[in-house]
file structure-v8.cif (mmCIF, C-alpha atoms)
data_work
#
loop_
_atom_site.group_PDB
_atom_site.id
_atom_site.type_symbol
_atom_site.label_atom_id
_atom_site.label_comp_id
_atom_site.auth_asym_id
_atom_site.auth_seq_id
_atom_site.Cartn_x
_atom_site.Cartn_y
_atom_site.Cartn_z
ATOM 1 C CA MET U 1 192.638 95.815 15.865
ATOM 2 C CA SER U 2 189.834 97.961 17.203
ATOM 3 C CA LEU U 3 186.947 97.067 19.436
ATOM 4 C CA PRO U 4 183.869 96.254 17.374
ATOM 5 C CA GLY U 5 181.352 99.013 17.727
ATOM 6 C CA ALA U 6 183.299 100.664 20.543
ATOM 7 C CA ALA U 7 183.507 104.431 20.790
ATOM 8 C CA PRO U 8 186.807 105.909 19.608
ATOM 9 C CA SER U 9 187.525 107.049 23.158
ATOM 10 C CA VAL U 10 187.952 103.479 24.451
ATOM 11 C CA PHE U 11 191.573 103.998 25.409
ATOM 12 C CA SER U 12 191.545 107.756 25.702
ATOM 13 C CA ARG U 13 193.204 109.382 28.695
ATOM 14 C CA ASP U 14 189.920 110.864 29.887
ATOM 15 C CA ARG U 15 188.815 108.060 32.130
ATOM 16 C CA GLY U 16 186.748 109.711 34.782
ATOM 17 C CA PRO U 17 187.501 109.318 38.466
ATOM 18 C CA LEU U 18 190.132 106.584 38.075
ATOM 19 C CA THR U 19 193.710 107.699 38.613
ATOM 20 C CA ASP U 20 195.753 107.640 35.413
ATOM 21 C CA PRO U 21 199.190 106.034 35.926
ATOM 22 C CA ALA U 22 200.695 108.190 33.140
ATOM 23 C CA PRO U 23 203.111 109.746 32.439
ATOM 24 C CA ILE U 24 205.514 106.850 31.963
ATOM 25 C CA ASP U 25 207.504 105.388 29.120
ATOM 26 C CA THR U 26 205.252 106.082 26.126
ATOM 27 C CA GLN U 27 206.420 103.066 24.145
ATOM 28 C CA VAL U 28 205.636 100.590 26.922
ATOM 29 C CA ASP U 29 202.328 102.360 27.503
ATOM 30 C CA ALA U 30 201.375 102.075 23.820
ATOM 31 C CA GLN U 31 202.338 98.379 23.708
ATOM 32 C CA ILE U 32 200.203 97.580 26.749
ATOM 33 C CA GLU U 33 197.245 99.550 25.390
ATOM 34 C CA ALA U 34 197.482 97.754 22.043
ATOM 35 C CA GLN U 35 197.667 94.373 23.767
ATOM 36 C CA ILE U 36 194.592 95.114 25.910
ATOM 37 C CA ALA U 37 192.651 96.390 22.886
ATOM 38 C CA ASP U 38 193.578 93.279 20.868
ATOM 39 C CA GLU U 39 192.652 90.963 23.719
ATOM 40 C CA PHE U 40 189.270 92.611 24.319
ATOM 41 C CA ALA U 41 188.550 92.640 20.588
ATOM 42 C CA ALA U 42 189.383 88.904 20.298
ATOM 43 C CA HIS U 43 187.064 88.117 23.215
ATOM 44 C CA LEU U 44 184.222 90.193 21.780
ATOM 45 C CA GLU U 45 184.653 88.576 18.354
ATOM 46 C CA LEU U 46 184.459 85.074 19.828
ATOM 47 C CA LEU U 47 181.449 86.028 21.952
ATOM 48 C CA GLU U 48 179.655 87.604 18.991
ATOM 49 C CA HIS U 49 180.375 84.524 16.906
ATOM 50 C CA GLU U 50 178.915 82.291 19.635
ATOM 51 C CA LEU U 51 175.788 84.474 19.917
ATOM 52 C CA ILE U 52 175.269 84.504 16.146
ATOM 53 C CA GLU U 53 175.621 80.710 16.083
ATOM 54 C CA SER U 54 172.936 80.476 18.750
ATOM 55 C CA GLY U 55 170.571 82.477 16.574
ATOM 56 C CA ALA U 56 171.122 86.140 17.394
ATOM 57 C CA ALA U 57 171.140 88.707 14.592
ATOM 58 C CA PRO U 58 174.656 90.143 13.989
ATOM 59 C CA ALA U 59 173.699 93.663 15.175
ATOM 60 C CA GLN U 60 172.031 92.295 18.301
ATOM 61 C CA ALA U 61 174.953 89.916 18.888
ATOM 62 C CA ALA U 62 177.442 92.805 18.901
ATOM 63 C CA ALA U 63 175.390 94.808 21.390
ATOM 64 C CA LEU U 64 174.754 91.779 23.595
ATOM 65 C CA ALA U 65 178.441 90.813 23.544
ATOM 66 C CA ARG U 66 179.425 94.323 24.665
ATOM 67 C CA ARG U 67 176.819 94.210 27.439
ATOM 68 C CA ARG U 68 178.047 90.845 28.681
ATOM 69 C CA PHE U 69 181.640 91.975 28.487
ATOM 70 C CA GLY U 70 181.171 95.110 30.582
ATOM 71 C CA ASN U 71 182.550 98.646 30.404
ATOM 72 C CA THR U 72 185.569 98.363 28.095
ATOM 73 C CA ASP U 73 186.940 101.812 29.031
ATOM 74 C CA ARG U 74 186.944 101.080 32.738
ATOM 75 C CA LEU U 75 188.267 97.515 32.323
ATOM 76 C CA ALA U 76 191.018 98.595 29.911
ATOM 77 C CA HIS U 77 192.089 101.306 32.307
ATOM 78 C CA GLU U 78 192.145 98.833 35.187
ATOM 79 C CA CYS U 79 194.268 96.363 33.179
ATOM 80 C CA ARG U 80 196.600 99.127 32.062
ATOM 81 C CA ALA U 81 197.101 100.335 35.636
ATOM 82 C CA ILE U 82 197.923 96.770 36.777
ATOM 83 C CA ALA U 83 200.282 96.098 33.853
ATOM 84 C CA LEU U 84 202.129 99.396 34.204
ATOM 85 C CA LYS U 85 202.320 99.445 37.992
ATOM 86 C CA GLU U 86 205.830 97.983 38.042
ATOM 87 C CA HIS U 87 207.087 100.331 35.313
ATOM 88 C CA LEU U 88 205.626 103.262 37.184
ATOM 89 C CA MET U 89 207.270 102.146 40.405
ATOM 90 C CA LEU U 90 210.637 101.665 38.669
ATOM 91 C CA LYS U 91 210.260 105.073 37.065
ATOM 92 C CA ARG U 92 209.598 106.664 40.460
ATOM 93 C CA ILE U 93 212.547 104.838 42.049
ATOM 94 C CA HIS U 94 214.768 105.941 39.157
ATOM 95 C CA LEU U 95 213.588 109.534 39.584
ATOM 96 C CA ALA U 96 214.152 109.423 43.348
ATOM 97 C CA ILE U 97 217.688 107.999 42.875
ATOM 98 C CA THR U 98 218.449 110.666 40.250
ATOM 99 C CA ILE U 99 217.282 113.438 42.602
ATOM 100 C CA ILE U 100 219.310 112.000 45.515
ATOM 101 C CA LEU U 101 222.429 111.686 43.332
ATOM 102 C CA ALA U 102 221.956 115.214 41.984
ATOM 103 C CA LEU U 103 221.574 116.559 45.534
ATOM 104 C CA LEU U 104 224.654 114.620 46.679
ATOM 105 C CA LEU U 105 226.635 115.918 43.702
ATOM 106 C CA ALA U 106 225.472 119.500 44.292
ATOM 107 C CA GLY U 107 226.277 119.139 47.998
ATOM 108 C CA SER U 108 229.750 117.761 47.339
ATOM 109 C CA VAL U 109 230.442 120.521 44.784
ATOM 110 C CA MET U 110 229.291 123.155 47.281
ATOM 111 C CA LEU U 111 231.403 121.611 50.043
ATOM 112 C CA GLY U 112 234.375 121.539 47.630
ATOM 113 C CA VAL U 113 233.884 125.193 46.753
ATOM 114 C CA ILE U 114 233.587 126.161 50.446
ATOM 115 C CA ALA U 115 236.685 124.105 51.324
ATOM 116 C CA ALA U 116 238.638 125.647 48.413
ATOM 117 C CA ARG U 117 237.621 129.168 49.470
ATOM 118 C CA ARG U 118 238.587 128.456 53.066
ATOM 119 C CA ALA U 119 241.942 127.006 51.975
ATOM 120 C CA ARG U 120 242.587 130.020 49.760
ATOM 121 C CA ALA U 121 241.767 132.433 52.572
ATOM 122 C CA GLU U 122 244.061 130.523 54.941
ATOM 123 C CA ALA U 123 246.845 130.507 52.346
ATOM 124 C CA GLN U 124 246.437 134.257 51.844
ATOM 125 C CA ARG U 125 246.499 134.819 55.586
ATOM 126 C CA ALA U 126 249.627 132.665 55.921
ATOM 127 C CA LEU U 127 251.273 134.542 53.047
ATOM 128 C CA ALA U 128 250.408 137.885 54.636
ATOM 129 C CA MET U 129 251.838 136.724 57.956
ATOM 130 C CA GLN U 130 254.965 135.491 56.197
ATOM 131 C CA MET U 131 255.387 138.806 54.382
ATOM 132 C CA GLU U 132 254.883 140.723 57.608
ATOM 133 C CA ALA U 133 257.493 138.566 59.366
ATOM 134 C CA ARG U 134 259.919 139.116 56.497
ATOM 135 C CA MET U 135 259.343 142.849 56.624
ATOM 136 C CA ARG U 136 259.993 142.849 60.359
ATOM 137 C CA ALA U 137 263.132 140.814 59.861
ATOM 138 C CA GLU U 138 264.312 143.217 57.162
ATOM 139 C CA GLN U 139 263.533 146.181 59.405
ATOM 140 C CA ALA U 140 265.450 144.563 62.260
ATOM 141 C CA LEU U 141 268.354 143.869 59.898
ATOM 142 C CA ALA U 142 268.284 147.462 58.659
ATOM 143 C CA GLN U 143 268.225 148.752 62.231
ATOM 144 C CA GLU U 144 271.113 146.492 63.146
ATOM 145 C CA GLN U 145 273.069 147.683 60.120
ATOM 146 C CA ALA U 146 272.308 151.301 60.986
ATOM 147 C CA ALA U 147 273.469 150.693 64.546
ATOM 148 C CA ARG U 148 276.603 149.019 63.288
ATOM 149 C CA ASP U 149 277.273 151.956 60.879
ATOM 150 C CA ARG U 150 276.673 154.393 63.680
ATOM 151 C CA ALA U 151 279.074 152.490 65.956
ATOM 152 C CA MET U 152 281.701 152.491 63.252
ATOM 153 C CA GLU U 153 281.176 156.181 62.659
ATOM 154 C CA LEU U 154 281.515 156.888 66.372
ATOM 155 C CA LYS U 155 284.614 154.761 66.523
ATOM 156 C CA ALA U 156 286.113 156.628 63.559
ATOM 157 C CA GLN U 157 285.300 159.929 65.209
ATOM 158 C CA ALA U 158 286.872 158.721 68.436
ATOM 159 C CA ASP U 159 289.976 157.578 66.560
ATOM 160 C CA ASP U 160 290.286 160.906 64.793
ATOM 161 C CA LYS U 161 289.937 162.714 68.063
ATOM 162 C CA LEU U 162 292.546 160.517 69.702
ATOM 163 C CA ARG U 163 294.926 161.047 66.848
ATOM 164 C CA ALA U 164 294.423 164.774 67.021
ATOM 165 C CA GLU U 165 295.103 164.744 70.732
ATOM 166 C CA GLN U 166 298.220 162.678 70.240
ATOM 167 C CA LEU U 167 299.507 165.125 67.633
ATOM 168 C CA LYS U 168 298.886 167.987 69.989
ATOM 169 C CA SER U 169 300.664 166.355 72.905
ATOM 170 C CA THR U 170 303.759 165.429 70.863
ATOM 171 C CA PRO U 171 306.462 168.254 71.142
ATOM 172 C CA ALA U 172 307.447 169.796 67.885
ATOM 173 C CA PRO U 173 311.122 169.184 66.811
ATOM 174 C CA THR U 174 313.512 172.133 67.565
ATOM 175 C CA GLY U 175 315.699 171.987 64.574
ATOM 176 C CA ALA U 176 316.266 170.261 61.448
ATOM 177 C CA ALA U 177 317.867 166.920 61.728
ATOM 178 C CA PRO U 178 321.389 166.652 60.505
ATOM 179 C CA LYS U 179 321.786 165.092 57.135
ATOM 180 C CA MET O 180 171.141 81.811 33.428
ATOM 181 C CA PRO O 181 168.889 82.539 36.425
ATOM 182 C CA ALA O 182 167.402 86.028 36.789
ATOM 183 C CA LYS O 183 169.408 86.797 39.921
ATOM 184 C CA THR O 184 172.754 85.166 40.660
ATOM 185 C CA PRO O 185 175.135 85.805 43.538
ATOM 186 C CA ASP O 186 178.004 88.222 43.019
ATOM 187 C CA LEU O 187 181.481 86.790 43.257
ATOM 188 C CA LEU O 188 183.438 87.269 46.420
ATOM 189 C CA GLN O 189 186.591 89.318 46.054
ATOM 190 C CA GLY O 190 189.496 86.988 45.228
ATOM 191 C CA THR O 191 187.247 84.069 44.335
ATOM 192 C CA LEU O 192 187.622 84.869 40.662
ATOM 193 C CA ASP O 193 191.411 84.527 40.927
ATOM 194 C CA VAL O 194 191.204 81.033 42.370
ATOM 195 C CA MET O 195 188.574 79.999 39.796
ATOM 196 C CA ILE O 196 190.872 81.196 36.985
ATOM 197 C CA LEU O 197 193.828 79.297 38.461
ATOM 198 C CA ARG O 198 191.689 76.154 38.796
ATOM 199 C CA THR O 199 190.496 76.481 35.186
ATOM 200 C CA LEU O 200 194.050 76.917 33.903
ATOM 201 C CA GLU O 201 195.219 73.942 35.962
ATOM 202 C CA ARG O 202 193.138 71.750 33.636
ATOM 203 C CA ALA O 203 194.349 73.331 30.363
ATOM 204 C CA GLU O 204 195.789 76.579 29.058
ATOM 205 C CA ASN O 205 193.141 78.894 27.679
ATOM 206 C CA HIS O 206 192.336 82.438 26.503
ATOM 207 C CA GLY O 207 190.052 84.903 28.302
ATOM 208 C CA TYR O 208 186.938 83.916 26.371
ATOM 209 C CA GLY O 209 187.648 80.197 26.928
ATOM 210 C CA ILE O 210 188.184 80.746 30.659
ATOM 211 C CA ALA O 211 184.839 82.588 30.882
ATOM 212 C CA ARG O 212 183.080 79.710 29.110
ATOM 213 C CA ALA O 213 184.805 77.073 31.296
ATOM 214 C CA ILE O 214 183.795 78.858 34.516
ATOM 215 C CA GLU O 215 180.246 79.316 33.230
ATOM 216 C CA ALA O 216 179.997 75.634 32.347
ATOM 217 C CA ALA O 217 181.509 74.471 35.656
ATOM 218 C CA ALA O 218 179.065 76.650 37.622
ATOM 219 C CA SER O 219 176.130 75.489 35.466
ATOM 220 C CA GLY O 220 175.187 79.124 34.889
ATOM 221 C CA GLN O 221 174.766 79.786 38.632
ATOM 222 C CA LEU O 222 177.456 82.495 38.758
ATOM 223 C CA ALA O 223 177.114 85.942 37.193
ATOM 224 C CA ILE O 224 180.475 87.056 35.864
ATOM 225 C CA GLU O 225 180.919 90.226 33.895
ATOM 226 C CA GLU O 226 183.204 88.645 31.302
ATOM 227 C CA GLY O 227 185.474 91.659 31.000
ATOM 228 C CA SER O 228 186.191 91.521 34.730
ATOM 229 C CA LEU O 229 188.285 88.419 34.024
ATOM 230 C CA TYR O 230 190.949 90.594 32.421
ATOM 231 C CA PRO O 231 192.003 92.708 35.419
ATOM 232 C CA ALA O 232 192.214 89.400 37.328
ATOM 233 C CA LEU O 233 194.274 87.839 34.517
ATOM 234 C CA TYR O 234 196.622 90.847 34.393
ATOM 235 C CA ARG O 235 196.983 90.787 38.171
ATOM 236 C CA LEU O 236 197.761 87.032 38.179
ATOM 237 C CA GLU O 237 200.233 87.495 35.319
ATOM 238 C CA LYS O 238 201.912 90.356 37.182
ATOM 239 C CA ARG O 239 202.280 88.052 40.205
ATOM 240 C CA ARG O 240 203.724 85.421 37.826
ATOM 241 C CA ASP O 241 201.021 82.912 38.776
ATOM 242 C CA ILE O 242 200.111 82.631 35.087
ATOM 243 C CA ALA O 243 201.939 83.448 31.837
ATOM 244 C CA GLY O 244 200.299 84.744 28.649
ATOM 245 C CA ALA O 245 201.304 84.399 24.991
ATOM 246 C CA TRP O 246 199.603 85.213 21.673
ATOM 247 C CA ARG O 247 198.561 82.175 19.631
ATOM 248 C CA THR O 248 195.998 81.199 17.038
ATOM 249 C CA THR O 249 192.796 79.480 18.144
ATOM 250 C CA GLU O 250 191.291 76.444 16.428
ATOM 251 C CA GLY O 251 188.966 78.853 14.629
ATOM 252 C CA LYS O 252 192.043 80.666 13.186
ATOM 253 C CA ARG O 253 191.581 83.695 15.441
ATOM 254 C CA ARG O 254 194.434 85.324 17.334
ATOM 255 C CA ALA O 255 194.011 85.188 21.109
ATOM 256 C CA ARG O 256 196.210 85.499 24.154
ATOM 257 C CA PHE O 257 196.509 82.119 25.833
ATOM 258 C CA TYR O 258 197.295 81.850 29.524
ATOM 259 C CA ARG O 259 198.957 78.923 31.273
ATOM 260 C CA LEU O 260 199.495 78.140 34.941
ATOM 261 C CA THR O 261 203.085 78.543 36.188
ATOM 262 C CA PRO O 262 204.620 76.412 38.987
ATOM 263 C CA ARG O 263 204.233 79.438 41.228
ATOM 264 C CA GLY O 264 200.529 79.662 40.297
ATOM 265 C CA ARG O 265 200.082 75.948 41.013
ATOM 266 C CA LYS O 266 201.476 76.497 44.502
ATOM 267 C CA ARG O 267 199.238 79.530 44.990
ATOM 268 C CA LEU O 268 196.194 77.516 43.843
ATOM 269 C CA LYS O 269 196.937 74.823 46.441
ATOM 270 C CA GLU O 270 197.140 77.439 49.187
ATOM 271 C CA GLN O 271 193.990 79.217 48.011
ATOM 272 C CA LEU O 272 192.003 75.970 47.824
ATOM 273 C CA SER O 273 193.005 75.087 51.368
ATOM 274 C CA LEU O 274 192.017 78.577 52.508
ATOM 275 C CA TRP O 275 188.693 78.314 50.662
ATOM 276 C CA ASP O 276 187.963 74.943 52.357
ATOM 277 C CA ARG O 277 188.552 76.408 55.793
ATOM 278 C CA LEU O 278 186.537 79.548 54.993
ATOM 279 C CA SER O 279 183.572 77.713 53.498
ATOM 280 C CA SER O 280 183.510 75.221 56.411
ATOM 281 C CA ALA O 281 183.439 78.094 58.884
ATOM 282 C CA VAL O 282 180.670 79.906 56.983
ATOM 283 C CA ASN O 283 178.664 76.662 56.698
ATOM 284 C CA ARG O 284 178.925 76.128 60.450
ATOM 285 C CA VAL O 285 177.687 79.677 61.083
ATOM 286 C CA LEU O 286 174.810 79.281 58.604
ATOM 287 C CA ALA O 287 173.764 75.801 59.799
ATOM 288 C CA PRO O 288 170.216 75.753 61.273
ATOM 289 C CA ALA O 289 170.043 76.121 65.021
ATOM 290 C CA PRO O 290 169.231 72.828 66.836
ATOM 291 C CA GLU O 291 165.605 72.380 67.866
ATOM 292 C CA PRO O 292 165.072 73.304 71.516
ATOM 293 C CA ALA O 293 164.481 70.292 73.729
ATOM 294 C CA PRO O 294 160.772 69.795 74.584
#

call {"tool": "encode", "arguments": {"input": "structure-v8.cif", "output": "structure tokens"}}
result
Amino acid sequence: MSLPGAAPSVFSRDRGPLTDPAPIDTQVDAQIEAQIADEFAAHLELLEHELIESGAAPAQAAALARRRFGNTDRLAHECRAIALKEHLMLKRIHLAITIILALLLAGSVMLGVIAARRARAEAQRALAMQMEARMRAEQALAQEQAARDRAMELKAQADDKLRAEQLKSTPAPTGAAPK
Amino acid sequence: MPAKTPDLLQGTLDVMILRTLERAENHGYGIARAIEAAASGQLAIEEGSLYPALYRLEKRRDIAGAWRTTEGKRRARFYRLTPRGRKRLKEQLSLWDRLSSAVNRVLAPAPEPAP
């Protein structure tokens, strides 16, 4: 239903200095606008009918009804702002919660990444320290083995020398032993 | 209607709507006519200005609206007073009594000075 004789811009978004509550859920917005338009149109029809019954010409009745009703654009905008206030507030709360959750999620992901990097670096450092300790232990083992080999070699040399000295100090037999 | 009628005080329209709906449920046009008749044409109301008040009262759940057909077979949105609105009306009437008494006392003619 359209407003009788009203300009097509009755519910346009260009509403002068008043603050437009859009953008919000378009479907709810459209429903509210349609309801306001229907309600205004019903009022104007009844008022016109009353004026015609009291003797006004139909064209005059329409103009007079609109004058008595007031500025439909401004009034429709006012009604729309009141009706959609709650939706707008809910929308803003929803948006704020979404932003907070997104920030919390991003923060927790970043903290997770930082913690994982730190843990990896610590694990690498621990592994490096472990490898270094193992290398030192192997070196120490190798040195010990070398020392042990050297000791054995020295002992063998000493034994050989002792044996050679013993052979030298033992008198050689004078004759052949009787059979 | 007189040539010049007083403008409505802010909030007065709300209480007049609640009072009208206390008697019977009605649509915007009917409420305008009821107020006009009750005031004997002494109040100038831009009829469309009823609607922001109706939407505000409905948002506050003081009234509830529903589409119905009028006796003249026209579709109109009828409003009825809710229990919450009835309570609000009682409070507003009490406030109005106190306010109007205070204003009347201020506006009362000064006593004649003693001779």

call {"tool": "axis_aligned_box", "arguments": {"input": "structure-v8.cif", "around": "stretch 202-206 of chain O", "padding_each_side": "5 Å", "output": "JSON"}}
result
{"center_x": 194.1, "center_y": 77.1, "center_z": 30.1, "size_x": 13.5, "size_y": 20.7, "size_z": 17.1}

call {"tool": "interface_residues", "arguments": {"input": "structure-v8.cif", "of": "chain U", "to": "chain O", "cutoff": "8 Å", "atoms": "all atoms listed in the file", "output": "JSON, numbers by chain"}}
result
{"U": [39, 40, 42, 43, 46, 47, 68, 69, 70, 71, 72, 75, 78, 79, 82, 83]}

call {"tool": "atom_distance", "arguments": {"input": "structure-v8.cif", "atom1": "atom CA of U:Gln145", "atom2": "atom CA of U:Arg163"}}
result
26.5 Å

call {"tool": "closest_residue", "arguments": {"input": "structure-v8.cif", "among": "O:Arg259, O:Arg247, O:Arg277, O:Arg239", "to": "O:Glu201", "atoms": "all atoms listed in the file"}}
result
O:Arg259

call {"tool": "resolve_selection", "arguments": {"input": "structure-v8.cif", "expression": "the PyMOL selection byres ((chain O and resi 267-271) around 12)", "output": "PyMOL selection string"}}
result
chain O and resi 190-201+236+239-242+260-266+272-279

call {"tool": "atom_distance", "arguments": {"input": "structure-v8.cif", "atom1": "atom CA of U:Leu88", "atom2": "atom CA of U:Gly107"}}
result
28.2 Å

call {"tool": "atom_distance", "arguments": {"input": "structure-v8.cif", "atom1": "atom CA of U:His77", "atom2": "atom CA of U:Asp29"}}
result
11.4 Å

call {"tool": "closest_residue", "arguments": {"input": "structure-v8.cif", "among": "O:Ala245, O:Ala217, O:Ala287, O:Leu222", "to": "O:Asn205", "atoms": "only C-alpha atoms"}}
result
O:Ala245

call {"tool": "closest_residue", "arguments": {"input": "structure-v8.cif", "among": "U:Ala151, U:Ile100, U:Leu141, U:Ala62", "to": "U:Glu48", "atoms": "only C-alpha atoms"}}
result
U:Ala62
